[in-house]
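Next up, model_13.cif (mmCIF, C-alpha atoms and all ligand atoms):
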data_run
#
loop_
_atom_site.group_PDB
_atom_site.id
_atom_site.type_symbol
_atom_site.label_atom_id
_atom_site.label_comp_id
_atom_site.auth_asym_id
_atom_site.auth_seq_id
_atom_site.Cartn_x
_atom_site.Cartn_y
_atom_site.Cartn_z
ATOM 1 C CA MET L 1 0.120 -35.220 -6.738
ATOM 2 C CA TRP L 2 1.627 -38.214 -5.015
ATOM 3 C CA TYR L 3 2.215 -39.365 -1.465
ATOM 4 C CA TYR L 4 5.378 -41.359 -0.892
ATOM 5 C CA GLU L 5 5.179 -44.502 1.193
ATOM 6 C CA LYS L 6 8.594 -45.619 2.433
ATOM 7 C CA LYS L 7 8.258 -49.298 1.541
ATOM 8 C CA LEU L 8 8.497 -51.403 -1.574
ATOM 9 C CA GLN L 9 5.321 -52.612 -3.290
ATOM 10 C CA TYR L 10 6.602 -56.188 -2.879
ATOM 11 C CA PRO L 11 9.631 -57.356 -0.845
ATOM 12 C CA VAL L 12 12.872 -57.635 -2.799
ATOM 13 C CA ARG L 13 15.259 -60.405 -1.805
ATOM 14 C CA VAL L 14 18.491 -61.448 -3.440
ATOM 15 C CA GLY L 15 20.371 -64.691 -2.748
ATOM 16 C CA THR L 16 23.934 -63.753 -3.671
ATOM 17 C CA CYS L 17 26.042 -60.976 -5.158
ATOM 18 C CA ASN L 18 25.521 -61.474 -8.917
ATOM 19 C CA PRO L 19 26.529 -58.555 -11.159
ATOM 20 C CA MET L 20 25.753 -60.575 -14.302
ATOM 21 C CA LEU L 21 22.074 -60.769 -13.320
ATOM 22 C CA ALA L 22 22.168 -57.047 -12.503
ATOM 23 C CA LYS L 23 23.392 -56.352 -16.031
ATOM 24 C CA PHE L 24 20.455 -58.286 -17.495
ATOM 25 C CA LEU L 25 17.967 -56.712 -15.099
ATOM 26 C CA ILE L 26 18.952 -53.144 -15.984
ATOM 27 C CA GLU L 27 16.991 -53.749 -19.209
ATOM 28 C CA GLN L 28 13.852 -53.260 -17.100
ATOM 29 C CA TYR L 29 15.261 -50.041 -15.617
ATOM 30 C CA GLY L 30 16.252 -47.966 -18.650
ATOM 31 C CA GLY L 31 15.360 -50.216 -21.589
ATOM 32 C CA ALA L 32 12.708 -49.625 -24.260
ATOM 33 C CA ASP L 33 10.102 -51.801 -22.538
ATOM 34 C CA GLY L 34 11.265 -51.129 -18.990
ATOM 35 C CA GLU L 35 9.524 -49.617 -16.004
ATOM 36 C CA LEU L 36 10.716 -46.027 -16.588
ATOM 37 C CA ALA L 37 9.356 -46.083 -20.142
ATOM 38 C CA ALA L 38 6.064 -47.521 -18.889
ATOM 39 C CA ALA L 39 5.601 -44.940 -16.129
ATOM 40 C CA LEU L 40 6.415 -41.985 -18.391
ATOM 41 C CA ARG L 41 4.271 -43.318 -21.253
ATOM 42 C CA TYR L 42 1.087 -43.778 -19.207
ATOM 43 C CA LEU L 43 1.329 -40.646 -17.071
ATOM 44 C CA ASN L 44 1.921 -38.546 -20.194
ATOM 45 C CA GLN L 45 -0.981 -40.056 -22.152
ATOM 46 C CA ARG L 46 -3.444 -39.146 -19.379
ATOM 47 C CA TYR L 47 -4.007 -35.616 -20.624
ATOM 48 C CA THR L 48 -5.609 -36.479 -23.949
ATOM 49 C CA ILE L 49 -7.228 -39.837 -23.226
ATOM 50 C CA PRO L 50 -11.037 -39.833 -22.592
ATOM 51 C CA ASP L 51 -12.040 -39.229 -18.963
ATOM 52 C CA LYS L 52 -13.396 -42.762 -18.590
ATOM 53 C CA VAL L 53 -9.890 -44.275 -18.668
ATOM 54 C CA VAL L 54 -7.741 -41.486 -17.165
ATOM 55 C CA GLY L 55 -7.896 -43.150 -13.740
ATOM 56 C CA LEU L 56 -6.537 -46.373 -15.199
ATOM 57 C CA LEU L 57 -3.492 -44.649 -16.718
ATOM 58 C CA ASN L 58 -2.984 -42.777 -13.454
ATOM 59 C CA ASP L 59 -3.071 -45.968 -11.373
ATOM 60 C CA ILE L 60 -0.878 -48.053 -13.654
ATOM 61 C CA GLY L 61 1.609 -45.221 -14.360
ATOM 62 C CA THR L 62 2.031 -44.704 -10.626
ATOM 63 C CA GLU L 63 2.489 -48.424 -10.019
ATOM 64 C CA GLU L 64 5.218 -48.539 -12.687
ATOM 65 C CA PHE L 65 7.283 -46.133 -10.571
ATOM 66 C CA ALA L 66 6.900 -48.562 -7.673
ATOM 67 C CA HIS L 67 8.216 -51.284 -9.984
ATOM 68 C CA LEU L 68 11.131 -49.064 -11.029
ATOM 69 C CA GLU L 69 11.978 -48.769 -7.348
ATOM 70 C CA MET L 70 11.937 -52.567 -6.985
ATOM 71 C CA ILE L 71 14.265 -53.008 -9.987
ATOM 72 C CA ALA L 72 16.641 -50.375 -8.570
ATOM 73 C CA THR L 73 16.698 -52.230 -5.244
ATOM 74 C CA MET L 74 17.391 -55.546 -6.982
ATOM 75 C CA VAL L 75 20.267 -54.094 -9.036
ATOM 76 C CA TYR L 76 21.719 -52.410 -5.948
ATOM 77 C CA LYS L 77 21.578 -55.626 -3.907
ATOM 78 C CA LEU L 78 23.068 -57.714 -6.726
ATOM 79 C CA THR L 79 26.071 -55.374 -7.120
ATOM 80 C CA LYS L 80 26.742 -53.730 -3.747
ATOM 81 C CA ASP L 81 29.379 -56.276 -2.672
ATOM 82 C CA ALA L 82 30.928 -56.802 -6.113
ATOM 83 C CA THR L 83 34.583 -55.965 -6.711
ATOM 84 C CA PRO L 84 35.649 -54.027 -9.829
ATOM 85 C CA GLU L 85 37.048 -57.340 -11.133
ATOM 86 C CA GLN L 86 33.678 -59.055 -10.714
ATOM 87 C CA LEU L 87 31.901 -56.141 -12.406
ATOM 88 C CA LYS L 88 34.346 -56.329 -15.317
ATOM 89 C CA ALA L 89 33.864 -60.098 -15.630
ATOM 90 C CA ALA L 90 30.071 -59.551 -15.701
ATOM 91 C CA GLY L 91 30.334 -57.064 -18.574
ATOM 92 C CA LEU L 92 29.753 -54.042 -16.331
ATOM 93 C CA GLY L 93 33.273 -52.603 -16.722
ATOM 94 C CA ASP L 94 31.984 -49.917 -19.098
ATOM 95 C CA HIS L 95 29.319 -48.975 -16.579
ATOM 96 C CA TYR L 96 31.811 -48.921 -13.705
ATOM 97 C CA VAL L 97 34.244 -46.479 -15.359
ATOM 98 C CA ASN L 98 31.411 -44.006 -15.900
ATOM 99 C CA HIS L 99 29.127 -44.516 -12.897
ATOM 100 C CA ASP L 100 30.920 -46.634 -10.279
ATOM 101 C CA LYS L 101 27.985 -48.624 -8.802
ATOM 102 C CA ALA L 102 25.427 -45.853 -9.294
ATOM 103 C CA LEU L 103 22.384 -46.832 -11.297
ATOM 104 C CA PHE L 104 21.814 -45.207 -14.652
ATOM 105 C CA TYR L 105 18.974 -45.301 -17.166
ATOM 106 C CA HIS L 106 20.312 -47.558 -19.890
ATOM 107 C CA ASP L 107 19.417 -50.970 -21.201
ATOM 108 C CA ALA L 108 21.253 -54.283 -20.794
ATOM 109 C CA ALA L 109 23.537 -53.390 -23.727
ATOM 110 C CA GLY L 110 24.395 -49.978 -22.189
ATOM 111 C CA VAL L 111 22.260 -47.896 -24.596
ATOM 112 C CA PRO L 112 20.988 -44.806 -22.728
ATOM 113 C CA PHE L 113 17.258 -44.236 -22.238
ATOM 114 C CA THR L 114 15.551 -42.038 -24.815
ATOM 115 C CA ALA L 115 12.047 -40.520 -25.040
ATOM 116 C CA SER L 116 11.733 -42.088 -28.489
ATOM 117 C CA TYR L 117 10.986 -45.374 -26.708
ATOM 118 C CA ILE L 118 7.514 -44.046 -25.902
ATOM 119 C CA GLN L 119 4.658 -42.685 -27.975
ATOM 120 C CA ALA L 120 1.690 -40.388 -27.479
ATOM 121 C CA LYS L 121 -0.377 -40.496 -30.656
ATOM 122 C CA GLY L 122 -3.414 -38.697 -29.271
ATOM 123 C CA ASP L 123 -5.719 -41.358 -30.665
ATOM 124 C CA PRO L 124 -7.003 -43.245 -27.594
ATOM 125 C CA ILE L 125 -7.247 -46.641 -29.292
ATOM 126 C CA ALA L 126 -3.772 -46.317 -30.842
ATOM 127 C CA ASP L 127 -2.319 -45.265 -27.499
ATOM 128 C CA LEU L 128 -4.008 -48.098 -25.613
ATOM 129 C CA TYR L 129 -2.823 -50.673 -28.152
ATOM 130 C CA GLU L 130 0.711 -49.360 -27.645
ATOM 131 C CA ASP L 131 0.208 -49.771 -23.904
ATOM 132 C CA ILE L 132 -1.001 -53.357 -24.307
ATOM 133 C CA ALA L 133 2.030 -54.156 -26.499
ATOM 134 C CA ALA L 134 4.352 -52.510 -23.947
ATOM 135 C CA GLU L 135 2.938 -54.665 -21.148
ATOM 136 C CA GLU L 136 3.280 -57.862 -23.189
ATOM 137 C CA LYS L 137 6.883 -56.978 -24.089
ATOM 138 C CA ALA L 138 7.698 -56.226 -20.450
ATOM 139 C CA ARG L 139 6.139 -59.549 -19.418
ATOM 140 C CA ALA L 140 8.258 -61.377 -22.012
ATOM 141 C CA THR L 141 11.436 -59.600 -20.846
ATOM 142 C CA TYR L 142 10.757 -60.641 -17.240
ATOM 143 C CA GLN L 143 10.328 -64.209 -18.458
ATOM 144 C CA TRP L 144 13.662 -64.179 -20.345
ATOM 145 C CA ILE L 145 15.422 -62.789 -17.246
ATOM 146 C CA ILE L 146 13.814 -65.425 -14.998
ATOM 147 C CA ASP L 147 14.956 -68.093 -17.483
ATOM 148 C CA MET L 148 18.558 -66.939 -17.063
ATOM 149 C CA SER L 149 18.433 -66.526 -13.283
ATOM 150 C CA ASP L 150 19.351 -69.259 -10.809
ATOM 151 C CA ASP L 151 18.459 -67.091 -7.802
ATOM 152 C CA PRO L 152 15.109 -68.240 -6.316
ATOM 153 C CA ASP L 153 14.939 -65.209 -4.009
ATOM 154 C CA LEU L 154 15.338 -62.784 -6.894
ATOM 155 C CA ASN L 155 12.961 -64.820 -9.044
ATOM 156 C CA ASP L 156 10.225 -64.455 -6.431
ATOM 157 C CA GLY L 157 10.247 -60.675 -6.960
ATOM 158 C CA LEU L 158 10.591 -61.029 -10.731
ATOM 159 C CA LYS L 159 7.588 -63.373 -10.878
ATOM 160 C CA TYR L 160 5.530 -60.824 -8.970
ATOM 161 C CA LEU L 161 6.514 -58.137 -11.497
ATOM 162 C CA ARG L 162 5.761 -60.464 -14.433
ATOM 163 C CA GLU L 163 2.312 -61.073 -12.948
ATOM 164 C CA ARG L 164 1.617 -57.347 -12.661
ATOM 165 C CA GLU L 165 2.409 -56.891 -16.384
ATOM 166 C CA ILE L 166 -0.265 -59.496 -17.178
ATOM 167 C CA VAL L 167 -2.783 -57.655 -14.978
ATOM 168 C CA HIS L 168 -1.914 -54.319 -16.615
ATOM 169 C CA SER L 169 -2.297 -55.776 -20.095
ATOM 170 C CA GLN L 170 -5.743 -57.111 -19.176
ATOM 171 C CA ARG L 171 -6.811 -53.762 -17.749
ATOM 172 C CA PHE L 172 -5.686 -51.902 -20.893
ATOM 173 C CA ARG L 173 -7.638 -54.411 -23.004
ATOM 174 C CA GLU L 174 -10.719 -53.651 -20.887
ATOM 175 C CA ALA L 175 -10.129 -49.926 -21.462
ATOM 176 C CA VAL L 176 -10.184 -50.491 -25.237
ATOM 177 C CA GLU L 177 -13.506 -52.298 -24.866
ATOM 178 C CA ILE L 178 -14.918 -49.464 -22.748
ATOM 179 C CA LEU L 179 -13.977 -46.850 -25.365
ATOM 180 C CA ILE L 180 -15.228 -48.908 -28.311
ATOM 181 C CA GLU L 181 -18.527 -49.554 -26.558
ATOM 182 C CA ASP L 182 -18.793 -45.856 -25.758
ATOM 183 C CA ARG L 183 -18.273 -44.943 -29.414
ATOM 184 C CA THR L 184 -20.883 -47.375 -30.686
ATOM 185 C CA THR L 185 -23.543 -46.680 -28.061
ATOM 186 C CA LYS L 186 -26.344 -44.554 -29.497
ATOM 187 C CA LYS L 187 -26.600 -41.301 -27.595
ATOM 188 C CA VAL L 188 -30.165 -40.409 -26.557
ATOM 189 C CA PHE L 189 -30.669 -36.852 -25.256
HETATM 190 FE FE FE E 1 3.165 -52.695 -16.245
#
Could you spell out this file's structure in structure tokens?
Amino acid sequence: MWYYEKKLQYPVRVGTCNPMLAKFLIEQYGGADGELAAALRYLNQRYTIPDKVVGLLNDIGTEEFAHLEMIATMVYKLTKDATPEQLKAAGLGDHYVNHDKALFYHDAAGVPFTASYIQAKGDPIADLYEDIAAEEKARATYQWIIDMSDDPDLNDGLKYLREREIVHSQRFREAVEILIEDRTTKKVF
């Protein structure tokens, strides 16, 4: 179970209304390598992964929901004062006619989220390698968004999130080592 704490994991600030940046950022909300995919992937894999690394998936999967909340806050702040004209100019006209300014789980190109973005192979090493790849792809996506952003306030939050992806990748790599070592250690009863 979870306890909800009514605060963001890291403060989210936004310099100006910028629906174009919101459109890019939604990739990390409902895209293939976004925070929703990450949270669902890790929390689902917990049930068949060896006990030694369940806690890791639990911790990181939970943190991904905190990141999803940060992305949602960023998108909200970037669009809340935008006019329909500004949304249209930013390429969010299609979104507006369907959702107004409500968030929805789709990627930057408007493709809706699908469970086929995530895998659960049941083989712990295969699953952990997928998790490492997911973290590296999420880190790269944050970098591409930062490269296109001229908002230092927003970038502060994005850099924090990029850093967390690096930490997660390292922790999943350690989990692989733990399981490999466990497999090769001679059992003495
Ligand atoms: Fe992550």
**Message:** Nearest residue to ligand FE 1 (chain E) out of L:Val167, L:Leu21, L:Val12, L:Val75, using all atoms listed in the file?
**Reply:**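 For ligand FE 1 (chain E), the nearest of the candidates is L:Val167.
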**Request:** Please provide the set of residues having any atom within 6 Å of region 49-61 of chain L, restricted to only C-alpha atoms, with same-chain residues fewer than 4 positions apart removed, written as a VMD selection string.
**Result:** chain L and resid 39 42 to 43 124
Which polymer residues have any atom within 6 Å of an atom of region 106-115 of chain L, counting only C-alpha atoms, with same-chain residues fewer than 4 positions away left out, as a tab-separated table (two decimals) with C-alpha atoms, keeping the file's coordinate frame?
chain	number	residue	atom	x	y	z
L	23	LYS	CA	23.39	-56.35	-16.03
L	24	PHE	CA	20.45	-58.29	-17.50
L	26	ILE	CA	18.95	-53.14	-15.98
L	27	GLU	CA	16.99	-53.75	-19.21
L	30	GLY	CA	16.25	-47.97	-18.65
L	31	GLY	CA	15.36	-50.22	-21.59
**Request:** Could you tell me which of L:Tyr76, L:Phe172, L:Tyr47, L:Phe65 comes closest to Leu103 (chain L) if we count only C-alpha atoms?
**Result:**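 Ranked by minimum distance to Leu103 (chain L), first place goes to L:Tyr76.
Each of L:Val176, L:Ala22, L:Val97, L:Ala37 was compared to ligand FE 1 (chain E) using all atoms listed in the file, and L:Ala37 turns out to be the nearest.
Pocket residues of ligand FE 1 (chain E), taken as those with any atom at most 6 Å away using only C-alpha atoms and all ligand atoms, are Glu64, Glu135, Glu165 and His168 of chain L.
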**Message:** With distances taken over all atoms listed in the file, which residue among L:Leu87, L:Ala140, L:Ile125, L:Val188 lies nearest Gly34 (chain L)?
**Reply:**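 Smallest separation from Gly34 (chain L) among the options: L:Ala140.
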**Message:** What does the structure give for the distance between CA of Ile178 (chain L) and CA of Gln119 (chain L), in Å to one decimal?
**Reply:**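 Atom-to-atom, CA of Ile178 (chain L) and CA of Gln119 (chain L) are spaced 21.4 Å apart.
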Take the structure in the block and write a file for region 93-120 of chain L, N, CA and C atoms, as a PDB file, in the first residue's frame.
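Once written, result.pdb looks like this:
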ATOM      1  N   GLY L  93      -3.676  21.989 -30.964  1.00  0.00           N
ATOM      2  CA  GLY L  93      -5.083  22.152 -31.375  1.00  0.00           C
ATOM      3  C   GLY L  93      -5.835  20.835 -31.330  1.00  0.00           C
ATOM      4  N   ASP L  94      -5.200  19.768 -31.793  1.00  0.00           N
ATOM      5  CA  ASP L  94      -5.843  18.440 -31.779  1.00  0.00           C
ATOM      6  C   ASP L  94      -6.165  18.015 -30.346  1.00  0.00           C
ATOM      7  N   HIS L  95      -5.238  18.302 -29.454  1.00  0.00           N
ATOM      8  CA  HIS L  95      -5.444  17.957 -28.046  1.00  0.00           C
ATOM      9  C   HIS L  95      -6.605  18.783 -27.485  1.00  0.00           C
ATOM     10  N   TYR L  96      -6.611  20.062 -27.811  1.00  0.00           N
ATOM     11  CA  TYR L  96      -7.611  20.980 -27.249  1.00  0.00           C
ATOM     12  C   TYR L  96      -9.040  20.572 -27.635  1.00  0.00           C
ATOM     13  N   VAL L  97      -9.250  20.184 -28.892  1.00  0.00           N
ATOM     14  CA  VAL L  97     -10.623  19.840 -29.310  1.00  0.00           C
ATOM     15  C   VAL L  97     -11.132  18.587 -28.595  1.00  0.00           C
ATOM     16  N   ASN L  98     -10.223  17.750 -28.142  1.00  0.00           N
ATOM     17  CA  ASN L  98     -10.652  16.525 -27.455  1.00  0.00           C
ATOM     18  C   ASN L  98     -10.651  16.667 -25.943  1.00  0.00           C
ATOM     19  N   HIS L  99      -9.686  17.412 -25.398  1.00  0.00           N
ATOM     20  CA  HIS L  99      -9.481  17.401 -23.939  1.00  0.00           C
ATOM     21  C   HIS L  99      -9.492  18.776 -23.279  1.00  0.00           C
ATOM     22  N   ASP L 100      -9.714  19.850 -24.061  1.00  0.00           N
ATOM     23  CA  ASP L 100      -9.513  21.190 -23.493  1.00  0.00           C
ATOM     24  C   ASP L 100      -8.072  21.221 -22.962  1.00  0.00           C
ATOM     25  N   LYS L 101      -7.871  21.672 -21.699  1.00  0.00           N
ATOM     26  CA  LYS L 101      -6.500  21.685 -21.163  1.00  0.00           C
ATOM     27  C   LYS L 101      -6.243  20.506 -20.216  1.00  0.00           C
ATOM     28  N   ALA L 102      -7.157  19.546 -20.191  1.00  0.00           N
ATOM     29  CA  ALA L 102      -6.935  18.370 -19.352  1.00  0.00           C
ATOM     30  C   ALA L 102      -5.745  17.587 -19.884  1.00  0.00           C
ATOM     31  N   LEU L 103      -5.010  16.966 -18.962  1.00  0.00           N
ATOM     32  CA  LEU L 103      -3.904  16.123 -19.393  1.00  0.00           C
ATOM     33  C   LEU L 103      -4.458  14.801 -19.898  1.00  0.00           C
ATOM     34  N   PHE L 104      -3.711  14.166 -20.787  1.00  0.00           N
ATOM     35  CA  PHE L 104      -4.096  12.843 -21.243  1.00  0.00           C
ATOM     36  C   PHE L 104      -2.830  12.050 -21.533  1.00  0.00           C
ATOM     37  N   TYR L 105      -2.942  10.726 -21.392  1.00  0.00           N
ATOM     38  CA  TYR L 105      -1.759   9.872 -21.571  1.00  0.00           C
ATOM     39  C   TYR L 105      -1.489   9.604 -23.046  1.00  0.00           C
ATOM     40  N   HIS L 106      -0.772  10.534 -23.665  1.00  0.00           N
ATOM     41  CA  HIS L 106      -0.300  10.304 -25.033  1.00  0.00           C
ATOM     42  C   HIS L 106       1.104  10.885 -25.145  1.00  0.00           C
ATOM     43  N   ASP L 107       1.752  10.569 -26.245  1.00  0.00           N
ATOM     44  CA  ASP L 107       3.119  11.073 -26.407  1.00  0.00           C
ATOM     45  C   ASP L 107       3.124  12.425 -27.112  1.00  0.00           C
ATOM     46  N   ALA L 108       4.311  12.928 -27.426  1.00  0.00           N
ATOM     47  CA  ALA L 108       4.427  14.274 -28.005  1.00  0.00           C
ATOM     48  C   ALA L 108       3.735  14.364 -29.368  1.00  0.00           C
ATOM     49  N   ALA L 109       3.605  13.219 -30.057  1.00  0.00           N
ATOM     50  CA  ALA L 109       2.950  13.211 -31.367  1.00  0.00           C
ATOM     51  C   ALA L 109       1.456  12.930 -31.250  1.00  0.00           C
ATOM     52  N   GLY L 110       0.943  12.779 -30.006  1.00  0.00           N
ATOM     53  CA  GLY L 110      -0.492  12.559 -29.796  1.00  0.00           C
ATOM     54  C   GLY L 110      -0.908  11.095 -29.802  1.00  0.00           C
ATOM     55  N   VAL L 111       0.063  10.171 -29.886  1.00  0.00           N
ATOM     56  CA  VAL L 111      -0.266   8.735 -29.890  1.00  0.00           C
ATOM     57  C   VAL L 111      -0.611   8.295 -28.468  1.00  0.00           C
ATOM     58  N   PRO L 112      -1.812   7.700 -28.272  1.00  0.00           N
ATOM     59  CA  PRO L 112      -2.223   7.329 -26.915  1.00  0.00           C
ATOM     60  C   PRO L 112      -1.332   6.261 -26.298  1.00  0.00           C
ATOM     61  N   PHE L 113      -1.247   6.274 -24.979  1.00  0.00           N
ATOM     62  CA  PHE L 113      -0.465   5.284 -24.230  1.00  0.00           C
ATOM     63  C   PHE L 113      -1.022   3.883 -24.470  1.00  0.00           C
ATOM     64  N   THR L 114      -0.132   2.909 -24.534  1.00  0.00           N
ATOM     65  CA  THR L 114      -0.554   1.518 -24.673  1.00  0.00           C
ATOM     66  C   THR L 114       0.328   0.617 -23.798  1.00  0.00           C
ATOM     67  N   ALA L 115      -0.272  -0.462 -23.276  1.00  0.00           N
ATOM     68  CA  ALA L 115       0.490  -1.400 -22.430  1.00  0.00           C
ATOM     69  C   ALA L 115       1.599  -2.081 -23.212  1.00  0.00           C
ATOM     70  N   SER L 116       1.533  -2.046 -24.541  1.00  0.00           N
ATOM     71  CA  SER L 116       2.591  -2.697 -25.321  1.00  0.00           C
ATOM     72  C   SER L 116       3.920  -1.947 -25.220  1.00  0.00           C
ATOM     73  N   TYR L 117       3.916  -0.775 -24.597  1.00  0.00           N
ATOM     74  CA  TYR L 117       5.182  -0.074 -24.354  1.00  0.00           C
ATOM     75  C   TYR L 117       6.028  -0.808 -23.319  1.00  0.00           C
ATOM     76  N   ILE L 118       5.388  -1.618 -22.475  1.00  0.00           N
ATOM     77  CA  ILE L 118       6.139  -2.245 -21.380  1.00  0.00           C
ATOM     78  C   ILE L 118       6.159  -3.759 -21.551  1.00  0.00           C
ATOM     79  N   GLN L 119       7.129  -4.381 -20.896  1.00  0.00           N
ATOM     80  CA  GLN L 119       7.288  -5.826 -20.984  1.00  0.00           C
ATOM     81  C   GLN L 119       7.398  -6.437 -19.600  1.00  0.00           C
ATOM     82  N   ALA L 120       7.004  -7.693 -19.493  1.00  0.00           N
ATOM     83  CA  ALA L 120       7.261  -8.488 -18.292  1.00  0.00           C
ATOM     84  C   ALA L 120       7.578  -9.880 -18.817  1.00  0.00           C
TER      85      ALA L 120
END
